[in-house]
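**Student:** One structure, pasted below without further comment.
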Amino acid sequence: MQTPNPPTILLIGATGNTGRGVTTTLPSLLRTSTNHSTHRILALTRSLTSAASQSLLANPAIQVLEHPWPELTTSWLRTHNVTRIFIAPHINTTLFAEESALLIAALHADVEYIVRVSTSAPNVRPDSPVYYARMHWAIENMLCSKAFARSRMHWTSLQPNAFAPFFLSAAAGYINEFRSTGSQDSLALRLMAAEDVGSAIIDPGEVGVFAAHLLACPETAVHHGKKYVFNGPVDITGKEIVGLVGEVIGEAVRKENVVYQDMSVVDEVILAMTSESRNVVGSIRYAMEASWRGECRVETTSPEVREIAPARKTPGEVLRELVDGEENGRAGGLGKAPGMPSLY
């Protein structure tokens with residue numbers, strides 16, 4: 001007779017931007033837990049041969065399984081005795097269909113708690129021009145529906161600000177080009193940031209750290225149905241990013257080289273797409289408008305985030321990690337689902 005699986009915390013997106021924070025934090029939290037010390041951690045991956053998966057395989061506290069998460073069923077969740085789920089989904093146009101199917105499977109498998117990563121709070125609304133933000137709104141409203149409210153499954157949705165590595169990727173690229181040539185001639189610093197409006201961009205790993213604390217929480221009722229706004233520790237303007245670049249290269253950035261509120265990176269995304277509507281995917285270019293309006297400042301951070309696991313990494317620290325290569329290539333087009341970069 002096959003030995004039943006122990007209670008399991010399932011990680012979807014464990015090798016991605018936020019998942020790294022979960023995998024480095026959750027094992028130690030479980031070891032000291034009085035309620036979940038016997039739980040196993042099971043991480044799904046698209047490929048066991050990827051560098052990120054190989055890194056996870058080296059961690060004895062985490063089991064890694066090659067399995068596509070959109071194919072998860074109620075039977076699979078029950079067989080693996082899944083009690084809690086972390087999901088950091090892709091932003092492909094199939095997001096709603098695939099995540100909603102998972103949530104329904106979890107509902108019928110009597111999963112106790114789900115922690116999911118959404119997108120920046122001001123964009124999560126039905127009239128958002130950004131396609132994936134509307135899908136996150138639909139998923140959160142699905143979870144708020146009577147069908148789910150009648151169940152015992154608790155859930156929390158994390159709404160992080162823009163991810164700092166992606167937001168600062170142009171700055172890191174400018175620094176590296178300057179270091180290669182020794183000159184600012186022919187360089188362009190195309191920043192997504194507004195010149196004088198601050199935004200509290202967040203390191204995605206710190207979102208994962210907070211998610212790990214929720215997954216290890218003995219009583220999830222206090223977090224049930226909550227949508228936590230997650231920001232970095234400080235606001236930063238485009239002008240301040242230019243200042244950081246100047247500090248690193250040792251001279252002032254030429255004003256004529258700087259472009260603010262630039263979303264030209266989206267054009268590169270659209271050109272790379274082969275199976276998605278370019279009109280739909282192109283709406284990514286509107287994702288930063290809330291930030292430009294000053295709606296993504298540090299003051300909007302949820303009190304629970306500040307109490308449990310507040311963000312500590314500053315934009316300057318993230319930029320230096322990117323430049324020094326400590327982020328293993330996370331700048332620009334990082335944490336991809338097939339064919340699509342992760343902006344949030």
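Just so we're on the same page: first chain in the structure tokens is A, next is B, and so on; residues restart at 1 for each chain, and ligands are numbered from 1 in the order they show up.
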DSSP on the backbone, alpha helix (DSSP H) only: what residues of region 77-309 of chain A does that give? Format it as an MDAnalysis selection string.
**Tutor:** chainID A and resid 77:79 95:108 131:143 146:149 164:167 169:181 204:215 238:249 265:272 278:281 289:292 303:308
**Student:** With C-alpha atoms retained, export the selected residues as a tab-separated table (two decimals), in the first residue's frame.
**Tutor:**
```
chain	number	residue	atom	x	y	z
A	77	LEU	CA	-4.23	18.04	-5.74
A	78	ARG	CA	-5.88	15.40	-3.56
A	79	THR	CA	-3.31	12.73	-4.46
A	95	LEU	CA	-4.19	33.77	-17.54
A	96	PHE	CA	-7.84	33.93	-16.48
A	97	ALA	CA	-8.83	30.63	-18.05
A	98	GLU	CA	-5.86	28.80	-16.54
A	99	GLU	CA	-5.81	30.29	-13.05
A	100	SER	CA	-9.59	30.10	-12.64
A	101	ALA	CA	-9.44	26.40	-13.58
A	102	LEU	CA	-6.80	25.89	-10.88
A	103	LEU	CA	-8.88	27.74	-8.30
A	104	ILE	CA	-11.93	25.60	-9.06
A	105	ALA	CA	-9.81	22.45	-8.79
A	106	ALA	CA	-8.46	23.69	-5.45
A	107	LEU	CA	-11.97	24.46	-4.25
A	108	HIS	CA	-13.14	20.90	-4.90
A	131	TYR	CA	-5.30	43.46	-20.31
A	132	TYR	CA	-3.68	41.37	-17.55
A	133	ALA	CA	-4.86	43.80	-14.85
A	134	ARG	CA	-8.47	43.17	-15.95
A	135	MET	CA	-7.83	39.43	-15.67
A	136	HIS	CA	-6.53	39.86	-12.12
A	137	TRP	CA	-9.64	41.90	-11.31
A	138	ALA	CA	-11.81	39.10	-12.69
A	139	ILE	CA	-9.99	36.45	-10.67
A	140	GLU	CA	-10.23	38.43	-7.43
A	141	ASN	CA	-13.95	39.00	-7.99
A	142	MET	CA	-14.40	35.31	-8.74
A	143	LEU	CA	-12.82	34.54	-5.37
A	146	LYS	CA	-20.81	33.45	-3.23
A	147	ALA	CA	-19.66	30.15	-4.72
A	148	PHE	CA	-16.24	30.59	-3.13
A	149	ALA	CA	-17.49	32.39	-0.03
A	164	ALA	CA	12.38	47.16	-9.47
A	165	PRO	CA	14.71	45.02	-11.67
A	166	PHE	CA	12.52	45.58	-14.72
A	167	PHE	CA	11.89	49.23	-13.84
A	169	SER	CA	16.83	47.69	-16.35
A	170	ALA	CA	17.40	50.67	-18.66
A	171	ALA	CA	19.50	52.38	-15.99
A	172	ALA	CA	21.62	49.25	-15.54
A	173	GLY	CA	22.03	48.95	-19.29
A	174	TYR	CA	23.18	52.57	-19.55
A	175	ILE	CA	25.80	52.00	-16.86
A	176	ASN	CA	27.10	48.84	-18.49
A	177	GLU	CA	27.32	50.51	-21.89
A	178	PHE	CA	29.18	53.44	-20.40
A	179	ARG	CA	31.60	51.10	-18.66
A	180	SER	CA	32.17	49.31	-21.97
A	181	THR	CA	32.87	52.44	-24.02
A	204	PRO	CA	10.04	40.87	-6.28
A	205	GLY	CA	11.95	38.62	-3.90
A	206	GLU	CA	10.60	40.63	-0.99
A	207	VAL	CA	7.06	39.99	-2.17
A	208	GLY	CA	7.94	36.29	-2.00
A	209	VAL	CA	9.26	36.67	1.55
A	210	PHE	CA	5.92	38.15	2.63
A	211	ALA	CA	4.05	35.38	0.80
A	212	ALA	CA	6.12	32.79	2.68
A	213	HIS	CA	5.05	34.29	6.01
A	214	LEU	CA	1.41	34.00	4.96
A	215	LEU	CA	1.86	30.39	3.82
A	238	GLY	CA	12.99	59.44	-12.67
A	239	LYS	CA	15.25	62.34	-11.82
A	240	GLU	CA	16.53	60.43	-8.77
A	241	ILE	CA	17.24	57.37	-10.93
A	242	VAL	CA	19.30	59.58	-13.22
A	243	GLY	CA	21.19	60.72	-10.12
A	244	LEU	CA	21.91	57.12	-9.12
A	245	VAL	CA	23.26	56.39	-12.58
A	246	GLY	CA	25.51	59.41	-12.35
A	247	GLU	CA	26.86	58.25	-9.00
A	248	VAL	CA	27.75	54.85	-10.40
A	249	ILE	CA	29.43	56.07	-13.60
A	265	VAL	CA	10.29	48.23	-24.41
A	266	VAL	CA	6.68	47.21	-25.10
A	267	ASP	CA	7.34	47.50	-28.81
A	268	GLU	CA	10.06	44.87	-28.43
A	269	VAL	CA	7.57	42.64	-26.59
A	270	ILE	CA	4.99	43.01	-29.34
A	271	LEU	CA	7.51	42.13	-32.03
A	272	ALA	CA	8.47	39.02	-30.09
A	278	ARG	CA	-0.57	42.55	-30.67
A	279	ASN	CA	-3.39	44.97	-29.91
A	280	VAL	CA	-4.11	43.25	-26.60
A	281	VAL	CA	-0.49	42.73	-25.59
A	289	GLU	CA	0.19	55.48	-16.02
A	290	ALA	CA	-1.00	54.99	-12.43
A	291	SER	CA	2.58	55.39	-11.28
A	292	TRP	CA	2.94	58.59	-13.29
A	303	PRO	CA	-0.40	48.00	7.27
A	304	GLU	CA	-0.16	44.20	7.41
A	305	VAL	CA	2.82	44.26	5.05
A	306	ARG	CA	4.62	46.73	7.30
A	307	GLU	CA	3.90	44.56	10.34
A	308	ILE	CA	4.78	41.12	8.97
```
**Student:** Just want the 8 Å neighbourhood of Ile87 (chain A), counted on only C-alpha atoms, with same-chain residues fewer than 5 positions away dropped. Output as a list in words.
**Tutor:**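 Here the qualifying residues turn out to be Leu11, Ile12, Gly13, Ile114, Val115, Arg116 and Val117 of chain A.
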**Student:** Between CA of Met288 (chain A) and CA of Pro129 (chain A), what is the distance in Å, rounded to a tenth?
**Tutor:**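 Atom-to-atom, CA of Met288 (chain A) to CA of Pro129 (chain A), that is 11.0 Å.
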**Student:** In terms of the shortest atom-to-atom distance over only C-alpha atoms, which of A:Leu65, A:Ala188, A:Ile9, A:Val22 is closest to Thr38 (chain A)?
**Tutor:**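 Of all the options, A:Ile9 lies closest to Thr38 (chain A).
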**Student:** Could you check which of A:Thr23, A:Ser186, A:Ser128, A:Thr94 is closest to Val64 (chain A), using only C-alpha atoms?
**Tutor:**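 With only C-alpha atoms as the atom set, the closest residue is A:Thr23.
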**Student:** Name the residues of region 2-193 of chain A that fall into strand (DSSP E) according to DSSP on the backbone, using the chain letters and numbers of this document, as number ranges by chain.
**Tutor:** A: 8-12, 40-45, 62-66, 82-87, 113-117, 154-160, 189-190
**Student:** Taking only C-alpha atoms into account, name the residue in A:Ala194, A:Ala43, A:Ile85, A:Ile201 that is nearest to Arg293 (chain A).
**Tutor:**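 Counting only C-alpha atoms, the residue closest to Arg293 (chain A) is A:Ala194.
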**Student:** As a JSON list (two decimals) with C-alpha atoms, in the first residue's frame, please: the residues near Met153 (chain A) (cut-off 7 Å, only C-alpha atoms, same-chain neighbours under 5 positions excluded).
**Tutor:**
```json
[["chain", "number", "residue", "atom", "x", "y", "z"],
["A", 107, "LEU", "CA", -11.97, 24.46, -4.25],
["A", 110, "ASP", "CA", -10.55, 21.14, -0.15],
["A", 111, "VAL", "CA", -7.36, 23.21, -0.34],
["A", 112, "GLU", "CA", -7.20, 25.36, 2.80],
["A", 113, "TYR", "CA", -5.41, 28.48, 1.64]]
```
**Student:** Write out as a ChimeraX atom specification the residues lying within 10 Å of Gln159 (chain A), counting only C-alpha atoms and excluding same-chain residues fewer than 4 positions away.
**Tutor:** /A:116-124,136,207,227-231,301-302,344
**Student:** Could you jot down the CA of Thr24 (chain A) to CA of Ile41 (chain A) separation for me, Å, one decimal place?
**Tutor:**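 Interatomic distance, CA of Thr24 (chain A) to CA of Ile41 (chain A): 11.6 Å.
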